[in-house]
>>> print(open('protein00.cif').read())   # mmCIF, C-alpha atoms (C1' of nucleotides)
data_protein
loop_
_atom_site.label_atom_id
_atom_site.label_comp_id
_atom_site.auth_asym_id
_atom_site.auth_seq_id
_atom_site.Cartn_x
_atom_site.Cartn_y
_atom_site.Cartn_z
CA MET Q 113 -27.33 -44.00 11.70
CA ARG Q 114 -28.76 -42.90 8.42
CA ASN Q 115 -27.21 -39.49 8.23
CA ALA Q 116 -24.00 -40.29 9.89
CA GLN Q 117 -22.36 -36.90 10.27
CA GLU Q 118 -18.79 -37.88 9.90
CA GLU Q 119 -18.47 -34.83 7.67
CA GLU Q 120 -17.27 -32.05 9.86
CA PRO Q 121 -19.19 -28.84 9.57
CA PRO Q 122 -17.49 -26.71 6.91
CA ASP Q 123 -15.18 -24.59 8.97
CA PRO Q 124 -15.26 -21.14 7.34
CA GLN Q 125 -11.64 -20.48 8.09
CA LEU Q 126 -10.58 -23.72 6.52
CA VAL Q 127 -12.66 -22.89 3.49
CA ARG Q 128 -10.96 -19.54 3.21
CA LEU Q 129 -7.53 -21.12 3.45
CA ASP Q 130 -8.46 -23.64 0.81
CA ASN Q 131 -9.78 -20.97 -1.49
CA MET Q 132 -6.69 -18.89 -1.12
CA LEU Q 133 -4.36 -21.78 -1.73
CA LEU Q 134 -6.34 -22.65 -4.79
CA ALA Q 135 -6.29 -19.09 -6.00
CA GLU Q 136 -2.54 -18.90 -5.57
CA GLY Q 137 -2.11 -22.12 -7.48
CA VAL Q 138 -0.65 -23.98 -4.52
CA ALA Q 139 -3.49 -26.37 -3.92
CA GLY Q 140 -4.05 -27.12 -7.58
CA PRO Q 141 -4.71 -30.70 -8.66
CA GLU Q 142 -1.33 -31.44 -10.24
CA LYS Q 143 1.91 -29.62 -10.33
CA GLY Q 144 3.30 -28.32 -13.55
CA GLY Q 145 -0.01 -28.35 -15.32
CA GLY Q 146 -2.96 -26.16 -14.67
CA ALA Q 147 -1.73 -24.68 -11.46
CA ALA Q 148 1.39 -23.15 -12.88
CA ALA Q 149 -0.54 -21.88 -15.85
CA ALA Q 150 -3.06 -20.29 -13.57
CA VAL Q 151 -0.36 -18.58 -11.58
CA SER Q 152 1.42 -17.22 -14.57
CA ALA Q 153 -1.87 -16.06 -16.00
CA ALA Q 154 -2.79 -14.35 -12.77
CA THR Q 155 0.49 -12.63 -12.20
CA SER Q 156 1.31 -11.59 -15.71
CA SER Q 157 -2.03 -11.18 -17.33
CA GLY Q 158 -1.09 -7.94 -18.98
CA GLY Q 159 1.84 -7.27 -21.19
CA MET Q 160 4.82 -8.81 -19.57
CA SER Q 161 7.92 -6.79 -20.03
CA PRO Q 162 11.14 -8.72 -20.43
CA ASP Q 163 12.42 -6.87 -17.41
CA SER Q 164 10.11 -8.56 -14.99
CA SER Q 165 10.26 -11.99 -16.53
CA LEU Q 166 13.36 -12.78 -14.54
CA GLU Q 167 11.72 -11.96 -11.27
CA HIS Q 168 8.65 -13.83 -12.32
CA SER Q 169 10.55 -16.98 -13.00
CA ASP Q 170 12.21 -16.62 -9.64
CA TYR Q 171 8.84 -16.10 -8.08
CA LYS Q 172 7.40 -19.10 -9.84
CA SER Q 173 10.21 -21.38 -8.81
CA LYS Q 174 9.84 -20.33 -5.21
CA LEU Q 175 6.12 -20.83 -5.42
CA SER Q 176 6.48 -24.30 -6.83
CA GLN Q 177 8.90 -25.05 -4.03
CA ILE Q 178 6.23 -24.11 -1.56
CA ARG Q 179 3.73 -26.13 -3.48
CA ASN Q 180 5.91 -29.23 -3.40
CA ILE Q 181 6.44 -28.98 0.30
CA TYR Q 182 2.76 -28.44 0.82
CA HIS Q 183 1.76 -31.45 -1.21
CA THR Q 184 4.28 -33.83 0.30
CA GLU Q 185 3.30 -32.75 3.79
CA LEU Q 186 -0.35 -33.09 2.99
CA GLU Q 187 0.20 -36.53 1.60
CA LYS Q 188 2.21 -37.52 4.61
CA TYR Q 189 -0.55 -36.45 6.93
CA GLU Q 190 -3.19 -38.24 4.95
CA GLN Q 191 -1.19 -41.40 4.96
CA ALA Q 192 -0.52 -41.14 8.64
CA CYS Q 193 -4.18 -40.53 9.25
CA SER Q 194 -5.32 -43.61 7.41
CA GLU Q 195 -2.60 -45.69 8.98
CA PHE Q 196 -3.55 -44.58 12.41
CA THR Q 197 -7.19 -45.17 11.69
CA THR Q 198 -6.65 -48.74 10.58
CA HIS Q 199 -4.45 -49.27 13.58
CA VAL Q 200 -7.15 -48.13 15.95
CA MET Q 201 -9.71 -50.17 14.11
CA ASN Q 202 -7.61 -53.26 14.55
CA LEU Q 203 -7.26 -52.56 18.21
CA LEU Q 204 -10.98 -52.17 18.60
CA ARG Q 205 -11.58 -55.35 16.70
CA GLU Q 206 -9.28 -57.19 19.00
CA GLN Q 207 -11.03 -55.75 21.98
CA SER Q 208 -14.37 -56.75 20.59
CA ARG Q 209 -13.47 -60.31 21.40
CA THR Q 210 -13.25 -59.63 25.07
CA ARG Q 211 -15.83 -56.89 25.39
CA PRO Q 212 -18.72 -55.59 23.36
CA VAL Q 213 -17.78 -52.79 21.05
CA SER Q 214 -20.63 -50.97 19.42
CA PRO Q 215 -20.28 -49.72 15.85
CA ARG Q 216 -21.25 -46.36 17.23
CA GLU Q 217 -18.10 -46.31 19.29
CA ILE Q 218 -16.01 -47.15 16.28
CA GLU Q 219 -17.51 -44.33 14.34
CA ARG Q 220 -16.84 -41.94 17.12
CA MET Q 221 -13.23 -42.97 17.34
CA VAL Q 222 -12.77 -42.51 13.63
CA ALA Q 223 -14.36 -39.11 13.77
CA ILE Q 224 -12.07 -38.04 16.55
CA ILE Q 225 -9.02 -39.17 14.68
CA HIS Q 226 -10.09 -37.38 11.54
CA ARG Q 227 -10.75 -34.22 13.42
CA LYS Q 228 -7.33 -34.27 14.98
CA PHE Q 229 -5.59 -34.80 11.71
CA SER Q 230 -7.63 -32.23 9.91
CA SER Q 231 -6.67 -29.66 12.50
CA ILE Q 232 -3.08 -30.47 11.76
CA GLN Q 233 -3.78 -30.03 8.08
CA THR Q 234 -5.38 -26.71 8.78
CA GLN Q 235 -2.23 -25.59 10.45
CA LEU Q 236 -0.23 -26.73 7.50
CA LYS Q 237 -2.47 -24.77 5.20
CA GLN Q 238 -2.20 -21.72 7.36
CA SER Q 239 1.55 -21.70 7.39
CA THR Q 240 1.59 -22.33 3.67
CA CYS Q 241 -0.65 -19.33 3.15
CA GLU Q 242 1.71 -17.27 5.23
CA ALA Q 243 4.65 -18.35 3.16
CA VAL Q 244 2.84 -17.47 -0.03
CA MET Q 245 1.89 -14.08 1.26
CA ILE Q 246 5.46 -13.34 2.22
CA LEU Q 247 6.61 -14.46 -1.17
CA ARG Q 248 4.05 -12.26 -2.85
CA SER Q 249 4.94 -9.23 -0.81
CA ARG Q 250 8.56 -9.76 -1.59
CA PHE Q 251 8.22 -10.13 -5.32
CA LEU Q 252 5.03 -8.45 -6.29
CA ASP Q 253 5.18 -5.37 -4.12
CA ALA Q 254 5.64 -2.48 -6.48
CA ARG Q 255 7.70 -0.63 -3.93
CA ARG Q 256 10.48 -3.08 -4.42
CA LYS Q 257 10.99 -2.25 -8.03
CA ARG Q 258 10.47 1.46 -7.95
CA ARG Q 259 11.92 3.53 -10.74
CA ASN Q 260 12.07 7.27 -10.77
CA PHE Q 261 10.07 9.00 -13.43
CA SER Q 262 11.86 10.52 -16.34
CA LYS Q 263 13.18 14.01 -16.05
CA GLN Q 264 10.71 15.19 -18.60
CA ALA Q 265 7.81 13.56 -16.81
CA THR Q 266 8.56 15.27 -13.52
CA GLU Q 267 8.98 18.45 -15.49
CA VAL Q 268 5.45 18.18 -16.82
CA LEU Q 269 4.03 17.27 -13.44
CA ASN Q 270 5.83 20.09 -11.70
CA GLU Q 271 4.68 22.54 -14.30
CA TYR Q 272 1.11 21.63 -13.66
CA PHE Q 273 1.56 21.62 -9.94
CA TYR Q 274 3.12 25.03 -9.69
CA SER Q 275 0.82 26.59 -12.23
CA HIS Q 276 -2.14 25.38 -10.21
CA LEU Q 277 -0.64 26.00 -6.85
CA SER Q 278 -3.78 27.52 -5.45
CA ASN Q 279 -5.64 24.33 -6.17
CA PRO Q 280 -3.34 21.52 -7.17
CA TYR Q 281 -6.03 18.92 -7.61
CA PRO Q 282 -6.12 17.83 -11.22
CA SER Q 283 -9.41 16.54 -12.46
CA GLU Q 284 -9.81 13.13 -13.98
CA GLU Q 285 -9.38 14.54 -17.44
CA ALA Q 286 -6.33 16.51 -16.44
CA LYS Q 287 -4.84 13.44 -14.83
CA GLU Q 288 -5.45 11.52 -17.98
CA GLU Q 289 -3.74 14.15 -20.05
CA LEU Q 290 -0.81 14.33 -17.65
CA ALA Q 291 -0.51 10.58 -17.62
CA LYS Q 292 -0.41 10.54 -21.38
CA GLN Q 293 2.20 13.24 -21.52
CA CYS Q 294 4.39 11.59 -18.94
CA GLY Q 295 4.00 8.05 -20.07
CA ILE Q 296 2.74 6.90 -16.68
CA THR Q 297 -0.57 5.68 -15.39
CA MET Q 298 -3.30 7.80 -13.94
CA SER Q 299 -2.86 6.32 -10.51
CA GLN Q 300 0.79 7.23 -10.71
CA VAL Q 301 -0.24 10.78 -11.44
CA SER Q 302 -2.51 10.67 -8.43
CA ASN Q 303 0.29 9.29 -6.30
CA TRP Q 304 2.61 11.97 -7.51
CA PHE Q 305 0.22 14.78 -6.69
CA GLY Q 306 -0.60 13.27 -3.35
CA ASN Q 307 3.04 13.06 -2.44
CA LYS Q 308 3.77 16.47 -3.86
CA ARG Q 309 0.99 18.21 -1.98
CA ILE Q 310 1.86 16.70 1.34
CA ARG Q 311 5.57 17.28 0.93
CA TYR Q 312 5.17 20.76 -0.35
CA LYS Q 313 2.92 21.68 2.51
CA LYS Q 314 5.25 20.15 5.02
CA ASN Q 315 8.19 22.20 3.98
CA ILE Q 316 7.31 25.07 1.74
CA GLY Q 317 10.67 26.68 2.17
CA LYS Q 318 12.46 23.82 0.61
CA PHE Q 319 10.34 24.02 -2.51
CA GLN Q 320 10.62 27.75 -2.90
CA GLU Q 321 13.39 27.55 -5.42
CA GLU Q 322 11.57 25.00 -7.46
CA ALA Q 323 8.41 27.07 -7.30
CA ASN Q 324 10.20 30.12 -8.61
CA LEU Q 325 11.76 28.14 -11.36
CA TYR Q 326 8.53 26.73 -12.65
CA ALA Q 327 6.70 29.98 -12.13
CA MET Q 328 9.17 31.70 -14.35
CA LYS Q 329 9.09 28.92 -16.85
CA THR Q 330 5.33 28.99 -17.08
CA ALA Q 331 5.23 32.75 -17.20
CA LEU Q 332 7.60 32.72 -20.13
CA GLY Q 333 5.52 30.16 -21.86
CA ALA Q 334 2.40 32.20 -21.25
CA THR Q 335 3.76 35.42 -22.68
CA GLN Q 336 5.44 33.94 -25.66
CA SER Q 337 3.30 30.89 -26.15
CA GLU Q 338 5.17 29.91 -29.21
CA GLU Q 339 5.42 26.20 -29.21
CA SER Q 340 2.67 24.11 -27.78
CA PRO Q 341 3.14 20.48 -28.64
CA HIS Q 342 -0.27 19.56 -27.45
CA THR Q 343 -2.30 16.80 -28.84
CA PRO Q 344 -5.21 18.87 -29.99
CA ASN Q 345 -7.85 16.27 -29.46
CA SER Q 346 -9.10 16.57 -25.90
CA THR Q 347 -12.77 17.14 -25.42
CA GLY Q 348 -13.07 20.61 -26.74
CA SER Q 349 -11.72 22.47 -23.77
CA GLY Q 350 -8.10 21.67 -23.38
CA SER Q 351 -7.37 24.04 -20.65
CA PHE Q 352 -5.09 22.93 -17.98
CA SER Q 353 -1.74 23.82 -19.36
CA LEU Q 354 -1.09 27.50 -19.33
CA SER Q 355 -4.28 28.95 -18.10
CA GLY Q 356 -3.26 30.02 -14.64
CA SER Q 357 -0.18 32.09 -14.91
CA ALA Q 358 -1.58 34.06 -12.02
CA ASP Q 359 -1.01 31.09 -9.83
CA CYS Q 360 2.60 31.05 -10.60
CA PHE Q 361 3.32 33.90 -8.30
CA LEU Q 362 1.33 32.64 -5.45
CA GLY Q 363 4.15 30.42 -4.48
CA VAL Q 364 6.83 32.98 -4.87
CA PRO Q 365 6.24 35.85 -2.52
CA PRO Q 366 7.45 36.52 0.93
CA MET Q 367 10.40 34.32 1.54
CA ASN Q 368 12.59 35.90 4.12
CA GLY Q 369 12.92 33.53 6.95
CA GLU Q 370 9.26 34.08 7.57
CA GLN Q 371 6.60 31.52 7.28
CA PRO Q 372 4.56 32.82 4.38
CA SER Q 373 0.93 32.87 5.21
CA TYR Q 374 -0.40 31.67 1.96
CA HIS Q 375 -3.38 32.98 0.11
CA MET Q 376 -5.83 33.41 2.86
CA GLY Q 377 -8.57 32.88 0.40
CA ALA Q 378 -9.74 35.96 -1.42
CA GLN Q 379 -7.60 35.95 -4.47
CA ASP Q 380 -8.46 32.76 -6.19
CA ALA Q 381 -9.52 34.24 -9.44
CA PRO Q 382 -12.90 32.85 -10.40
CA SER Q 383 -12.23 33.69 -13.98
CA ARG Q 384 -10.57 30.39 -14.52
CA PHE Q 385 -13.83 28.80 -15.42
CA SER Q 386 -12.10 26.36 -17.65
CA ASP Q 387 -10.70 24.66 -14.61
CA ARG Q 388 -14.09 24.48 -13.08
CA LEU Q 389 -15.45 22.72 -16.06
CA TYR Q 390 -13.37 19.75 -15.15
CA SER Q 391 -13.37 19.75 -11.46
CA THR Q 392 -15.80 17.41 -9.86
CA ARG Q 393 -15.10 17.62 -6.19
CA GLU Q 394 -12.67 20.43 -5.87
CA SER Q 395 -15.19 22.57 -4.07
CA ARG Q 396 -14.38 20.60 -0.99
CA THR Q 397 -10.80 21.66 -0.99
CA ASN Q 398 -11.21 24.90 -2.78
CA GLY Q 399 -8.82 27.73 -2.13
CA ASN Q 400 -6.71 27.28 0.92
CA TRP Q 401 -5.72 23.68 0.61
CA GLN Q 402 -2.87 24.19 3.00
CA GLU Q 403 -4.21 26.47 5.65
CA GLN Q 404 -2.83 24.89 8.74
CA ASN Q 405 0.82 25.00 8.10
CA THR Q 406 2.76 23.41 10.87
CA PRO Q 407 6.35 24.53 10.84
CA PRO Q 408 8.93 21.79 11.10
CA SER Q 409 9.70 20.37 14.52
CA ALA Q 410 6.38 21.41 15.90
CA THR Q 411 5.50 17.95 16.99
CA SER Q 412 5.94 16.65 20.46
CA PRO Q 413 9.56 15.66 20.41
CA GLY Q 414 10.17 13.83 23.62
CA SER Q 415 7.03 11.83 23.89
CA ASP Q 416 7.56 8.14 23.79
CA HIS Q 417 5.06 5.95 22.18
CA SER Q 418 5.78 2.56 23.67
CA ASP Q 419 3.73 1.04 20.99
CA ASN Q 420 4.82 -2.51 21.03
CA SER Q 421 3.44 -4.94 18.62
CA ASP Q 422 4.72 -7.70 16.46
"C1'" DA Z 220 27.61 3.93 4.27
"C1'" DA Z 221 24.62 7.74 5.66
"C1'" DA Z 222 21.36 11.08 4.30
"C1'" DG Z 223 18.11 12.80 1.27
"C1'" DA Z 224 14.72 12.16 -2.50
"C1'" DT Z 225 10.96 9.71 -4.35
"C1'" DG Z 226 7.32 6.53 -5.86
"C1'" DA Z 227 4.02 3.30 -3.73
"C1'" DT Z 228 1.27 1.47 -0.06
"C1'" DT Z 229 -1.56 1.60 4.03
"C1'" DC Z 230 -4.69 3.52 7.35
"C1'" DC Z 231 -7.90 6.85 8.37
"C1'" DA Z 232 -11.70 10.34 7.91
"C1'" DC Z 233 -14.99 12.10 5.01
"C1'" DG O 228 -14.67 6.73 -4.12
"C1'" DT O 229 -11.22 10.78 -2.66
"C1'" DG O 230 -7.31 13.01 -0.21
"C1'" DG O 231 -4.15 13.56 4.07
"C1'" DA O 232 -0.78 11.54 6.76
"C1'" DA O 233 2.52 8.17 8.02
"C1'" DT O 234 5.38 4.76 6.47
"C1'" DC O 235 7.95 1.60 3.51
"C1'" DA O 236 11.41 0.33 0.09
"C1'" DT O 237 14.12 1.82 -3.23
"C1'" DC O 238 16.97 5.17 -5.83
"C1'" DT O 239 20.19 9.07 -5.78
"C1'" DT O 240 23.32 12.12 -3.79
"C1'" DT O 241 26.72 13.20 -0.45
#
>>> encode(input="protein00.cif", output="structure tokens")
Amino acid sequence: MRNAQEEEPPDPQLVRLDNMLLAEGVAGPEKGGGAAAAVSAATSSGGMSPDSSLEHSDYKSKLSQIRNIYHTELEKYEQACSEFTTHVMNLLREQSRTRPVSPREIERMVAIIHRKFSSIQTQLKQSTCEAVMILRSRFLDARRKRRNFSKQATEVLNEYFYSHLSNPYPSEEAKEELAKQCGITMSQVSNWFGNKRIRYKKNIGKFQEEANLYAMKTALGATQSEESPHTPNSTGSGSFSLSGSADCFLGVPPMNGEQPSYHMGAQDAPSRFSDRLYSTRESRTNGNWQEQNTPPSATSPGSDHSDNSD
DNA sequence: AAAGATGATTCCAC
DNA sequence: GTGGAATCATCTTT
């Protein structure tokens, strides 16, 4: 009697749903006030470019729509719950005239009712979470507002890539420098190199022309080395730019309908110590970063997957 | 509109 | 944490 446990045990899943709704600003105390502010602070905490403000307002309006629905539904359920509870209580009271009704029984009935309604609420919260996630993925997914890098930026990235073709894994410092030069973030540089490596390896032939182009460009720059608009700060060993003209020709050679077996390993000149200064984990992928070169259409073509899942 | 190019994300192994 | 691979969603070219 004393510790009447009408409080359900804190269902961890329900707690998670509640937390998420709170974090998304859906389950905030009042609409328009703190919740919206929290959302806008969370989604646009950095510098908000005028470009994305339109989408953000769209996002916010949709989110508040969800929030309104959520709150009205929640209220409806709560009201229905209390109504139903009082109704049952009245029934029990009436029955208590004709038969003994213990207060224990009343408590139990109330608990049952509350449990039922709270499960309904949980479902509501779940579907609300789903809606929010869909909304987020639709508006906040960076893939949806992809912009190609500037011509000059890809130029810089390609120059680095093809001049370090034997080991196209820029160090942190190199990435930073590239990011600065290209006006993109470091993770974008990482993305670019990841994509470039995999796509280059997949179809070397297609990139042959490009490789030649940049090899020649870099070679010219190495021999003449007239203009170098570098920011001369970097930590005392600015190296990455035109140090490896030897690499330039690694990508060029035997292109005559044959699959070029690339540098089998021996010729990676160890004299480029300046690169090694930077590299932290390149030893893992040193040298032949693309040894197993599967020619196109080497996969099992006819095999069905029958991988069905929703 | 279809095909290709490209930046970003996700899943996995290490 | 990283990078490889597959994939997605968009942009660009055809």
>>> residues_around(input="protein00.cif", residues="range 228-240 of chain O", least_positions_apart="2", cutoff="7 Å", atoms="only C-alpha atoms (C1' of nucleotides)", output="ChimeraX atom specification")
/Q:255-256,258
>>> interface_residues(input="protein00.cif", of="chain Q", to="chain O", cutoff="10 Å", atoms="all atoms listed in the file", output="PDB file with C-alpha atoms, in the coordinates of the input")
ATOM      1  CA  ASP Q 253       5.180  -5.370  -4.120  1.00  0.00           C
ATOM      2  CA  ALA Q 254       5.640  -2.480  -6.480  1.00  0.00           C
ATOM      3  CA  ARG Q 255       7.700  -0.630  -3.930  1.00  0.00           C
ATOM      4  CA  ARG Q 256      10.480  -3.080  -4.420  1.00  0.00           C
ATOM      5  CA  LYS Q 257      10.990  -2.250  -8.030  1.00  0.00           C
ATOM      6  CA  ARG Q 258      10.470   1.460  -7.950  1.00  0.00           C
ATOM      7  CA  ARG Q 259      11.920   3.530 -10.740  1.00  0.00           C
ATOM      8  CA  ASN Q 260      12.070   7.270 -10.770  1.00  0.00           C
ATOM      9  CA  TYR Q 281      -6.030  18.920  -7.610  1.00  0.00           C
ATOM     10  CA  SER Q 302      -2.510  10.670  -8.430  1.00  0.00           C
ATOM     11  CA  GLY Q 306      -0.600  13.270  -3.350  1.00  0.00           C
ATOM     12  CA  ASN Q 307       3.040  13.060  -2.440  1.00  0.00           C
ATOM     13  CA  ARG Q 309       0.990  18.210  -1.980  1.00  0.00           C
ATOM     14  CA  ILE Q 310       1.860  16.700   1.340  1.00  0.00           C
ATOM     15  CA  ARG Q 393     -15.100  17.620  -6.190  1.00  0.00           C
ATOM     16  CA  THR Q 397     -10.800  21.660  -0.990  1.00  0.00           C
TER      17      THR Q 397
END
>>> interface_residues(input="protein00.cif", of="chain Z", to="chain Q", cutoff="9 Å", atoms="all atoms listed in the file", output="PyMOL selection string")
chain Z and resi 225-228
>>> axis_aligned_box(input="protein00.cif", around="chain Z", padding_each_side="6 Å", output="lines of an AutoDock Vina configuration file")
center_x = 6.3
center_y = 7.1
center_z = 1.3
size_x = 54.6
size_y = 23.3
size_z = 26.2
>>> atom_distance(input="protein00.cif", atom1="CA of Leu247 in chain Q", atom2="CA of Ile178 in chain Q")
9.7 Å
>>> atom_distance(input="protein00.cif", atom1="CA of Met245 in chain Q", atom2="CA of Tyr189 in chain Q")
23.2 Å
>>> atom_distance(input="protein00.cif", atom1="CA of Cys193 in chain Q", atom2="CA of Ser230 in chain Q")
9.0 Å
>>> resolve_selection(input="protein00.cif", expression="the PyMOL selection byres ((chain Q and resi 127-135) around 9)", output="PyMOL selection string")
chain Q and resi 122-126+136-140+147+150-151+154+234+237-238+240-241+244
>>> write_last_selection(input="protein00.cif", atoms="C-alpha atoms", output="PDB file, in the coordinates of the input")
ATOM      1  CA  PRO Q 122     -17.490 -26.710   6.910  1.00  0.00           C
ATOM      2  CA  ASP Q 123     -15.180 -24.590   8.970  1.00  0.00           C
ATOM      3  CA  PRO Q 124     -15.260 -21.140   7.340  1.00  0.00           C
ATOM      4  CA  GLN Q 125     -11.640 -20.480   8.090  1.00  0.00           C
ATOM      5  CA  LEU Q 126     -10.580 -23.720   6.520  1.00  0.00           C
ATOM      6  CA  GLU Q 136      -2.540 -18.900  -5.570  1.00  0.00           C
ATOM      7  CA  GLY Q 137      -2.110 -22.120  -7.480  1.00  0.00           C
ATOM      8  CA  VAL Q 138      -0.650 -23.980  -4.520  1.00  0.00           C
ATOM      9  CA  ALA Q 139      -3.490 -26.370  -3.920  1.00  0.00           C
ATOM     10  CA  GLY Q 140      -4.050 -27.120  -7.580  1.00  0.00           C
ATOM     11  CA  ALA Q 147      -1.730 -24.680 -11.460  1.00  0.00           C
ATOM     12  CA  ALA Q 150      -3.060 -20.290 -13.570  1.00  0.00           C
ATOM     13  CA  VAL Q 151      -0.360 -18.580 -11.580  1.00  0.00           C
ATOM     14  CA  ALA Q 154      -2.790 -14.350 -12.770  1.00  0.00           C
ATOM     15  CA  THR Q 234      -5.380 -26.710   8.780  1.00  0.00           C
ATOM     16  CA  LYS Q 237      -2.470 -24.770   5.200  1.00  0.00           C
ATOM     17  CA  GLN Q 238      -2.200 -21.720   7.360  1.00  0.00           C
ATOM     18  CA  THR Q 240       1.590 -22.330   3.670  1.00  0.00           C
ATOM     19  CA  CYS Q 241      -0.650 -19.330   3.150  1.00  0.00           C
ATOM     20  CA  VAL Q 244       2.840 -17.470  -0.030  1.00  0.00           C
TER      21      VAL Q 244
END
